[in-house]
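These notes are about the structure you will find just below.
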Amino acid sequence: MSAAPAPLPPFDPRDPLGVDDLLDEEERAVRDTVRRWCADRVAPYVADWYERGELPGVRELAKELGALGALGMHLEGYGCAGASAVQYGLACLELEACDSGIRSLVSVQGSLAMYAIHRWGSEEQKQRWLPGMAAGEVIGCFGLTEPDHGSDPASMRTRARRDAGGDWVLDGRKMWITNGSVAGVAVVWAQTDEGVRGFLVPAGTPGFSAPEIRHKASLRASVTSELVLDGVRLPADAVLPGVTGLRGPLGCLNQARYGIVWGAVGAGRSCFEAALDYAGSRVQFGRPIGGFQLTQAKLADMSLELQKALLLALHLGRRMDAGRLRAEQVSYGKLNNVREAMGIARTARTILGANGISLEYPVMRHAANLESVLTYEGTVEMHQLIVGKALTGLDAFH
Amino acid sequence: MSLRIVVCVKYVPDATGDRRFADDTTTDRESVDGLLSELDEYGVEQALRIAEASGDAEVTVLTVGPDDAKDALRKALSMGADKAVHVNDDDIHGTDALGTSAILAKALEKTGYDLVVCGMASTDGTMGVLPALLAERLGVPQVTLLSEVSVENGTVRGRRDGDAATEELEAALPAVVSVTDQSGEARYPSFKGIMAAKKKPVQSYDLDDLGIEADEVGLAGAWTAVDAITARPPRQAGTIVKDEGEGGKQLAEFLAAQKFV
């Protein structure tokens, strides 16, 4: 005789497949902490910041994120939290569910600037910069992209030459640099006689400036800058000793792309939840629009893609924690999850009707932000080329 | 000897969820996730601040509740408490506030304490009587509903903000205090705190360990009983009061009818 089966867990529209069950207690605790911080400190204000095109109090926000342990959280030592890749991903998801700009602040700090120093820096460089960056007292930025060189960084024009005394002298321009104008230290990649090298440029170094880029219609609650380097003289020990060549910056980009795989799920979730709530309360033709077949088809497809994206992110995260994640696999994640998040945002916008374009709802803000996420850290086309090369063994872009 | 601070916390159903009662009129734990009562987070926060100011203190977090109540303990540990005590026994199911205070008192006597910190009320039962019951059972002073609290030289001091007056209160330790939601925002657990929490000791006791007979507590042993439960009717469309000279009066009547005034 067998016992009666246990009752099934209730259906949760916000976790329809029970993905929560795949997370352990610590992972849920990290997620809940970031979610609550966002709800308290960012969500009430972010639409206003976005409309004004600024991120006021960015230094205070950075310190609060540092106190949580969110900056360089997946790195070990030097004041970093030493969290897992999945925990880091969950934090990115929650931050981007609030706004891509906030997630970008954290991604650039941890996955690009801090990761570069942690991975390729000298012990002295790590001791000097990482503890302050982990605490959010020093903000970092990462300069690879140039005005005329995006997907093809090998052709960068920024140059570093060694003068007779052993100092380095940098000349060039970097473009679309998140955190640039508020950074205390810039990781700048430059061409040298021996190949691409990374340099740590402290703010205030003569010849170095970081004017903010205005007139953005996307990522408006984020500091985006140009880096200007005119005869910037740096001591010999400003170079990152651990790497020469493009694998240095590309290794960092892979980390940031991993965060985006999760972050895009957050943006998509926020749009989906806004649409679901709206569909339940908006009455047309005498009933909630969620009762119409066309709306249900949209909601079902949005939920489906959202859950698939989440499962993909989690799968990649588990692989990263196991030390088995390949760069091509991250490309699968970024390609799919950003694309699907954009689709979810667009569909959500149609469910909200005219309200879909209002900053009273998060949908249009996410939709516009995702346009940046679509191309930064590798455009759709570059990721297609990376996947295409992996599938065929044929390199279509070099 | 270091200052022994014990924070009494409660694991409650998430107030933002669809909370229900089970058939025996107790809380249905299945229908909604549980968490550390938000009002108890203020207690944890004040305990941590007192400990930090003292430099030589140990913060223990204590709960009476089912298996899942460990989540509330874990949250408090991740905020920075040093260790936890979980009183868990099937016979505790359905215990009322009087019974809970008896269990907590026994647990406190077993663990030892100089200062017991409580929140102002739970977010589910919202009775707010437990700190007083506990102080009575322990035979120590109670200094309740504080919006500011500190400990110095074996004395706890605090401020209670009333409607008409502000009182400055103090008591010699050992003592029981409760703190309000005006006492200072609770900190977020840091990721390091979250990861450290699982290595912190959690002591479990059942009723036998505390020398309590099953019939003294539980639903059958409760001094209070829930007679009936009525779900709040679903929200109706809002009432629009059109002001034609009588608007203020109509608003007042509406509020009175809803028992808001």
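Note on naming: chains are A, B, ... as they come in the structure tokens, residues start from 1 per chain, ligands start from 1 in the order shown.
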
TODO: Find the residues near region 369-383 of chain A: any atom within 7 Å, counting only C-alpha atoms, skip ones fewer than 3 places away on the same chain, and give them as a PyMOL selection string.
DONE: chain A and resi 100+151+218-219+253+257+331+335+338+342+365-366+386-387

Open item on the list: Residues near region 315-327 of chain A, anyone? I mean within 8 Å using only C-alpha atoms, not counting same-chain ones fewer than 5 positions away, as number ranges by chain.
Closed with: A: 84-86, 89, 254, 333

Keeping N, CA, C and O atoms for every residue in the selection just given, could you write it to a file as a compact mmCIF listing (two decimals), in the first residue's frame?
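Printed below is result.txt as written:
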```txt
# COMPACT_ATOMS: atom_id res chain seq x y z
N SER A 84 30.23 32.91 -5.15
CA SER A 84 30.26 32.01 -6.30
C SER A 84 29.78 32.77 -7.54
O SER A 84 29.21 33.86 -7.46
N ALA A 85 30.00 32.15 -8.71
CA ALA A 85 29.54 32.74 -9.96
C ALA A 85 28.01 32.84 -9.98
O ALA A 85 27.46 33.81 -10.48
N VAL A 86 27.34 31.83 -9.43
CA VAL A 86 25.87 31.88 -9.41
C VAL A 86 25.38 33.01 -8.50
O VAL A 86 24.46 33.75 -8.84
N GLY A 89 25.85 36.13 -10.36
CA GLY A 89 24.83 36.24 -11.40
C GLY A 89 23.49 36.67 -10.83
O GLY A 89 22.81 37.54 -11.40
N ASN A 254 34.81 38.66 -21.07
CA ASN A 254 34.08 37.42 -20.88
C ASN A 254 33.39 37.39 -19.51
O ASN A 254 32.27 36.89 -19.37
N GLY A 333 24.84 32.56 -24.19
CA GLY A 333 24.02 33.19 -23.15
C GLY A 333 23.72 34.64 -23.45
O GLY A 333 22.58 35.08 -23.37
```

Could the residues of chain A within 7 Å of chain B, counting only C-alpha atoms, be given as an mmCIF file with all heavy atoms, in the first residue's frame, please?
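The result, stored in selection_27.cif:
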```
data_model
loop_
_atom_site.group_PDB
_atom_site.id
_atom_site.type_symbol
_atom_site.label_atom_id
_atom_site.label_comp_id
_atom_site.auth_asym_id
_atom_site.auth_seq_id
_atom_site.Cartn_x
_atom_site.Cartn_y
_atom_site.Cartn_z
ATOM 1 N N GLU A 26 22.094 29.968 0.623
ATOM 2 C CA GLU A 26 22.953 31.155 0.520
ATOM 3 C C GLU A 26 22.656 31.937 -0.744
ATOM 4 O O GLU A 26 22.657 33.165 -0.743
ATOM 5 C CB GLU A 26 24.425 30.733 0.473
ATOM 6 C CG GLU A 26 25.021 30.497 1.812
ATOM 7 C CD GLU A 26 26.513 30.229 1.711
ATOM 8 O OE1 GLU A 26 27.131 30.511 0.671
ATOM 9 O OE2 GLU A 26 27.059 29.715 2.699
ATOM 10 N N ALA A 29 19.673 33.887 -0.231
ATOM 11 C CA ALA A 29 19.910 34.994 0.707
ATOM 12 C C ALA A 29 20.602 36.162 0.001
ATOM 13 O O ALA A 29 20.254 37.327 0.224
ATOM 14 C CB ALA A 29 20.733 34.515 1.895
ATOM 15 N N VAL A 30 21.581 35.846 -0.853
ATOM 16 C CA VAL A 30 22.259 36.905 -1.610
ATOM 17 C C VAL A 30 21.238 37.625 -2.504
ATOM 18 O O VAL A 30 21.151 38.852 -2.536
ATOM 19 C CB VAL A 30 23.406 36.320 -2.465
ATOM 20 C CG1 VAL A 30 23.882 37.325 -3.507
ATOM 21 C CG2 VAL A 30 24.559 35.886 -1.563
ATOM 22 N N THR A 33 18.869 39.817 -0.480
ATOM 23 C CA THR A 33 19.511 41.029 0.030
ATOM 24 C C THR A 33 19.618 42.083 -1.070
ATOM 25 O O THR A 33 19.308 43.255 -0.851
ATOM 26 C CB THR A 33 20.914 40.692 0.569
ATOM 27 O OG1 THR A 33 20.764 39.845 1.698
ATOM 28 C CG2 THR A 33 21.658 41.943 0.989
ATOM 29 N N ALA A 67 29.514 47.887 0.854
ATOM 30 C CA ALA A 67 29.188 47.346 2.184
ATOM 31 C C ALA A 67 28.439 46.021 2.059
ATOM 32 O O ALA A 67 28.634 45.107 2.865
ATOM 33 C CB ALA A 67 28.373 48.362 2.975
ATOM 34 N N LEU A 68 27.583 45.911 1.051
ATOM 35 C CA LEU A 68 26.891 44.639 0.825
ATOM 36 C C LEU A 68 27.885 43.544 0.441
ATOM 37 O O LEU A 68 27.695 42.374 0.768
ATOM 38 C CB LEU A 68 25.887 44.762 -0.317
ATOM 39 C CG LEU A 68 24.594 45.535 -0.109
ATOM 40 C CD1 LEU A 68 23.755 45.469 -1.377
ATOM 41 C CD2 LEU A 68 23.817 44.969 1.050
ATOM 42 N N GLY A 69 28.919 43.953 -0.282
ATOM 43 C CA GLY A 69 29.876 42.969 -0.798
ATOM 44 C C GLY A 69 29.690 42.727 -2.277
ATOM 45 O O GLY A 69 30.181 41.736 -2.822
ATOM 46 N N ALA A 81 34.228 39.629 -1.545
ATOM 47 C CA ALA A 81 33.360 38.715 -0.797
ATOM 48 C C ALA A 81 33.655 37.242 -1.068
ATOM 49 O O ALA A 81 33.293 36.379 -0.273
ATOM 50 C CB ALA A 81 31.898 39.026 -1.108
#
```

TODO: Would you mind listing what lies within 9 Å of region 56-62 of chain A as a list in words, with only C-alpha atoms counted and same-chain residues fewer than 6 positions away left out?
DONE: Arg41, Val42, Trp49, Leu71, Leu105, Val106, Ala135, Gly136, Glu137, Val138, Ile139, Val182, Ala221, Ser222 and Val223 of chain A

Those residues with N, CA, C and O atoms, as a PDB file, in the first residue's frame please?
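In the end it all went to result_7.pdb:
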```
ATOM      1  N   ARG A  41      16.634  51.421  -2.079  1.00  0.00           N
ATOM      2  CA  ARG A  41      17.576  52.492  -2.391  1.00  0.00           C
ATOM      3  C   ARG A  41      17.574  52.940  -3.849  1.00  0.00           C
ATOM      4  O   ARG A  41      18.098  54.001  -4.146  1.00  0.00           O
ATOM      5  N   VAL A  42      17.045  52.136  -4.734  1.00  0.00           N
ATOM      6  CA  VAL A  42      17.126  52.495  -6.151  1.00  0.00           C
ATOM      7  C   VAL A  42      15.748  52.603  -6.793  1.00  0.00           C
ATOM      8  O   VAL A  42      15.423  53.620  -7.429  1.00  0.00           O
ATOM      9  N   TRP A  49      15.988  59.596 -11.932  1.00  0.00           N
ATOM     10  CA  TRP A  49      17.389  59.714 -12.378  1.00  0.00           C
ATOM     11  C   TRP A  49      17.452  59.541 -13.888  1.00  0.00           C
ATOM     12  O   TRP A  49      18.168  60.260 -14.575  1.00  0.00           O
ATOM     13  N   LEU A  71      30.748  44.442  -4.892  1.00  0.00           N
ATOM     14  CA  LEU A  71      31.775  44.910  -5.836  1.00  0.00           C
ATOM     15  C   LEU A  71      32.945  43.932  -5.871  1.00  0.00           C
ATOM     16  O   LEU A  71      33.597  43.708  -4.863  1.00  0.00           O
ATOM     17  N   LEU A 105      27.198  49.671 -13.460  1.00  0.00           N
ATOM     18  CA  LEU A 105      28.122  50.219 -12.464  1.00  0.00           C
ATOM     19  C   LEU A 105      28.864  49.081 -11.756  1.00  0.00           C
ATOM     20  O   LEU A 105      30.088  49.102 -11.600  1.00  0.00           O
ATOM     21  N   VAL A 106      28.093  48.076 -11.341  1.00  0.00           N
ATOM     22  CA  VAL A 106      28.670  46.949 -10.601  1.00  0.00           C
ATOM     23  C   VAL A 106      29.504  46.043 -11.507  1.00  0.00           C
ATOM     24  O   VAL A 106      30.585  45.587 -11.135  1.00  0.00           O
ATOM     25  N   ALA A 135      35.337  48.089  -1.374  1.00  0.00           N
ATOM     26  CA  ALA A 135      34.518  48.846  -0.424  1.00  0.00           C
ATOM     27  C   ALA A 135      33.698  49.932  -1.113  1.00  0.00           C
ATOM     28  O   ALA A 135      32.868  50.577  -0.474  1.00  0.00           O
ATOM     29  N   GLY A 136      33.956  50.160  -2.400  1.00  0.00           N
ATOM     30  CA  GLY A 136      33.220  51.200  -3.128  1.00  0.00           C
ATOM     31  C   GLY A 136      33.766  52.593  -2.874  1.00  0.00           C
ATOM     32  O   GLY A 136      33.166  53.589  -3.283  1.00  0.00           O
ATOM     33  N   GLU A 137      34.913  52.670  -2.196  1.00  0.00           N
ATOM     34  CA  GLU A 137      35.505  53.995  -1.953  1.00  0.00           C
ATOM     35  C   GLU A 137      36.211  54.501  -3.202  1.00  0.00           C
ATOM     36  O   GLU A 137      36.344  55.707  -3.400  1.00  0.00           O
ATOM     37  N   VAL A 138      36.690  53.585  -4.013  1.00  0.00           N
ATOM     38  CA  VAL A 138      37.309  53.941  -5.295  1.00  0.00           C
ATOM     39  C   VAL A 138      36.502  53.266  -6.401  1.00  0.00           C
ATOM     40  O   VAL A 138      36.266  52.058  -6.358  1.00  0.00           O
ATOM     41  N   ILE A 139      36.059  54.069  -7.370  1.00  0.00           N
ATOM     42  CA  ILE A 139      35.336  53.512  -8.509  1.00  0.00           C
ATOM     43  C   ILE A 139      36.341  53.304  -9.638  1.00  0.00           C
ATOM     44  O   ILE A 139      37.265  54.101  -9.821  1.00  0.00           O
ATOM     45  N   VAL A 182      33.623  59.311 -13.003  1.00  0.00           N
ATOM     46  CA  VAL A 182      33.632  59.221 -11.541  1.00  0.00           C
ATOM     47  C   VAL A 182      34.696  58.240 -11.044  1.00  0.00           C
ATOM     48  O   VAL A 182      34.797  57.978  -9.848  1.00  0.00           O
ATOM     49  N   ALA A 221      20.563  56.397 -16.548  1.00  0.00           N
ATOM     50  CA  ALA A 221      20.939  56.414 -15.131  1.00  0.00           C
ATOM     51  C   ALA A 221      22.282  55.713 -14.970  1.00  0.00           C
ATOM     52  O   ALA A 221      22.443  54.767 -14.197  1.00  0.00           O
ATOM     53  N   SER A 222      23.252  56.158 -15.748  1.00  0.00           N
ATOM     54  CA  SER A 222      24.574  55.552 -15.738  1.00  0.00           C
ATOM     55  C   SER A 222      25.561  56.596 -16.242  1.00  0.00           C
ATOM     56  O   SER A 222      25.223  57.392 -17.118  1.00  0.00           O
ATOM     57  N   VAL A 223      26.755  56.600 -15.665  1.00  0.00           N
ATOM     58  CA  VAL A 223      27.776  57.551 -16.101  1.00  0.00           C
ATOM     59  C   VAL A 223      28.551  56.923 -17.254  1.00  0.00           C
ATOM     60  O   VAL A 223      29.158  55.862 -17.095  1.00  0.00           O
TER      61      VAL A 223
END
```

Open item on the list: Would you pick out the contacts of region 108-118 of chain B at 7 Å or less, using only C-alpha atoms, so that residues sharing its chain but fewer than 5 positions from it are not included, and give the list as a ChimeraX atom specification?
Closed with: /B:3-9,40,43,47,131,173-179

Open item on the list: Under the rule that only C-alpha atoms are counted, which of A:Val243, A:Met156, A:Glu305, A:Asp12 is the nearest residue to Asp18 (chain B)?
Closed with: A:Asp12

Task: Which of region 128-175 of chain A DSSP labels alpha helix (DSSP H), written as a PyMOL selection string - done: chain A and resi 128-134

Open item on the list: I need the residues in region 53-193 of chain A that are strand (DSSP E or B) according to DSSP; give them as a PyMOL selection string.
Closed with: chain A and resi 140-143+146+149+159-162+168-178+185-192

Task: Two-atom distance - CA of Lys216 (chain A), CA of Pro44 (chain A) (Å) - done: 21.9 Å

Excluding Gly356 (chain A) and any residue of its chain fewer than 5 positions from it, enumerate the residues within 10 Å of it, using only C-alpha atoms, and give them as a PDB file with N, CA, C and O atoms, in the first residue's frame.
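The new file result-v2.pdb reads:
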```
ATOM      1  N   CYS A 271       9.980  43.706 -16.842  1.00  0.00           N
ATOM      2  CA  CYS A 271       8.991  44.027 -17.889  1.00  0.00           C
ATOM      3  C   CYS A 271       7.823  43.040 -17.839  1.00  0.00           C
ATOM      4  O   CYS A 271       6.653  43.429 -17.936  1.00  0.00           O
ATOM      5  N   ALA A 274       5.606  43.745 -14.827  1.00  0.00           N
ATOM      6  CA  ALA A 274       4.802  44.953 -15.050  1.00  0.00           C
ATOM      7  C   ALA A 274       3.625  44.633 -15.963  1.00  0.00           C
ATOM      8  O   ALA A 274       2.490  45.079 -15.733  1.00  0.00           O
ATOM      9  N   ALA A 275       3.887  43.847 -17.002  1.00  0.00           N
ATOM     10  CA  ALA A 275       2.831  43.500 -17.956  1.00  0.00           C
ATOM     11  C   ALA A 275       1.778  42.602 -17.313  1.00  0.00           C
ATOM     12  O   ALA A 275       0.572  42.763 -17.534  1.00  0.00           O
ATOM     13  N   ALA A 345      10.501  42.937 -23.471  1.00  0.00           N
ATOM     14  CA  ALA A 345      10.249  44.360 -23.215  1.00  0.00           C
ATOM     15  C   ALA A 345       9.291  44.928 -24.256  1.00  0.00           C
ATOM     16  O   ALA A 345       8.350  45.665 -23.931  1.00  0.00           O
ATOM     17  N   ARG A 346       9.502  44.561 -25.487  1.00  0.00           N
ATOM     18  CA  ARG A 346       8.669  45.101 -26.557  1.00  0.00           C
ATOM     19  C   ARG A 346       7.238  44.586 -26.418  1.00  0.00           C
ATOM     20  O   ARG A 346       6.279  45.334 -26.578  1.00  0.00           O
ATOM     21  N   THR A 347       7.086  43.305 -26.107  1.00  0.00           N
ATOM     22  CA  THR A 347       5.745  42.758 -25.945  1.00  0.00           C
ATOM     23  C   THR A 347       5.055  43.365 -24.718  1.00  0.00           C
ATOM     24  O   THR A 347       3.871  43.683 -24.750  1.00  0.00           O
ATOM     25  N   ALA A 348       5.835  43.524 -23.650  1.00  0.00           N
ATOM     26  CA  ALA A 348       5.266  44.146 -22.442  1.00  0.00           C
ATOM     27  C   ALA A 348       4.742  45.534 -22.769  1.00  0.00           C
ATOM     28  O   ALA A 348       3.670  45.943 -22.319  1.00  0.00           O
ATOM     29  N   ARG A 349       5.497  46.254 -23.562  1.00  0.00           N
ATOM     30  CA  ARG A 349       5.100  47.605 -23.942  1.00  0.00           C
ATOM     31  C   ARG A 349       3.747  47.600 -24.675  1.00  0.00           C
ATOM     32  O   ARG A 349       2.921  48.490 -24.492  1.00  0.00           O
ATOM     33  N   THR A 350       3.482  46.555 -25.467  1.00  0.00           N
ATOM     34  CA  THR A 350       2.194  46.511 -26.173  1.00  0.00           C
ATOM     35  C   THR A 350       1.057  46.193 -25.208  1.00  0.00           C
ATOM     36  O   THR A 350      -0.058  46.677 -25.385  1.00  0.00           O
ATOM     37  N   ILE A 351       1.328  45.394 -24.178  1.00  0.00           N
ATOM     38  CA  ILE A 351       0.273  45.083 -23.202  1.00  0.00           C
ATOM     39  C   ILE A 351      -0.083  46.335 -22.408  1.00  0.00           C
ATOM     40  O   ILE A 351      -1.238  46.557 -22.057  1.00  0.00           O
ATOM     41  N   TYR A 361       6.118  53.465 -15.565  1.00  0.00           N
ATOM     42  CA  TYR A 361       6.302  52.004 -15.592  1.00  0.00           C
ATOM     43  C   TYR A 361       7.741  51.726 -16.041  1.00  0.00           C
ATOM     44  O   TYR A 361       8.344  52.539 -16.734  1.00  0.00           O
ATOM     45  N   PRO A 362       8.294  50.581 -15.686  1.00  0.00           N
ATOM     46  CA  PRO A 362       9.716  50.359 -15.996  1.00  0.00           C
ATOM     47  C   PRO A 362       9.986  49.912 -17.429  1.00  0.00           C
ATOM     48  O   PRO A 362      11.138  49.829 -17.837  1.00  0.00           O
ATOM     49  N   VAL A 363       8.926  49.636 -18.194  1.00  0.00           N
ATOM     50  CA  VAL A 363       9.099  48.892 -19.447  1.00  0.00           C
ATOM     51  C   VAL A 363       9.940  49.647 -20.484  1.00  0.00           C
ATOM     52  O   VAL A 363      10.900  49.113 -21.037  1.00  0.00           O
ATOM     53  N   MET A 364       9.578  50.900 -20.743  1.00  0.00           N
ATOM     54  CA  MET A 364      10.290  51.644 -21.790  1.00  0.00           C
ATOM     55  C   MET A 364      11.744  51.901 -21.378  1.00  0.00           C
ATOM     56  O   MET A 364      12.652  51.889 -22.218  1.00  0.00           O
ATOM     57  N   ARG A 365      11.943  52.124 -20.087  1.00  0.00           N
ATOM     58  CA  ARG A 365      13.307  52.345 -19.579  1.00  0.00           C
ATOM     59  C   ARG A 365      14.162  51.095 -19.829  1.00  0.00           C
ATOM     60  O   ARG A 365      15.287  51.195 -20.343  1.00  0.00           O
TER      61      ARG A 365
END
```
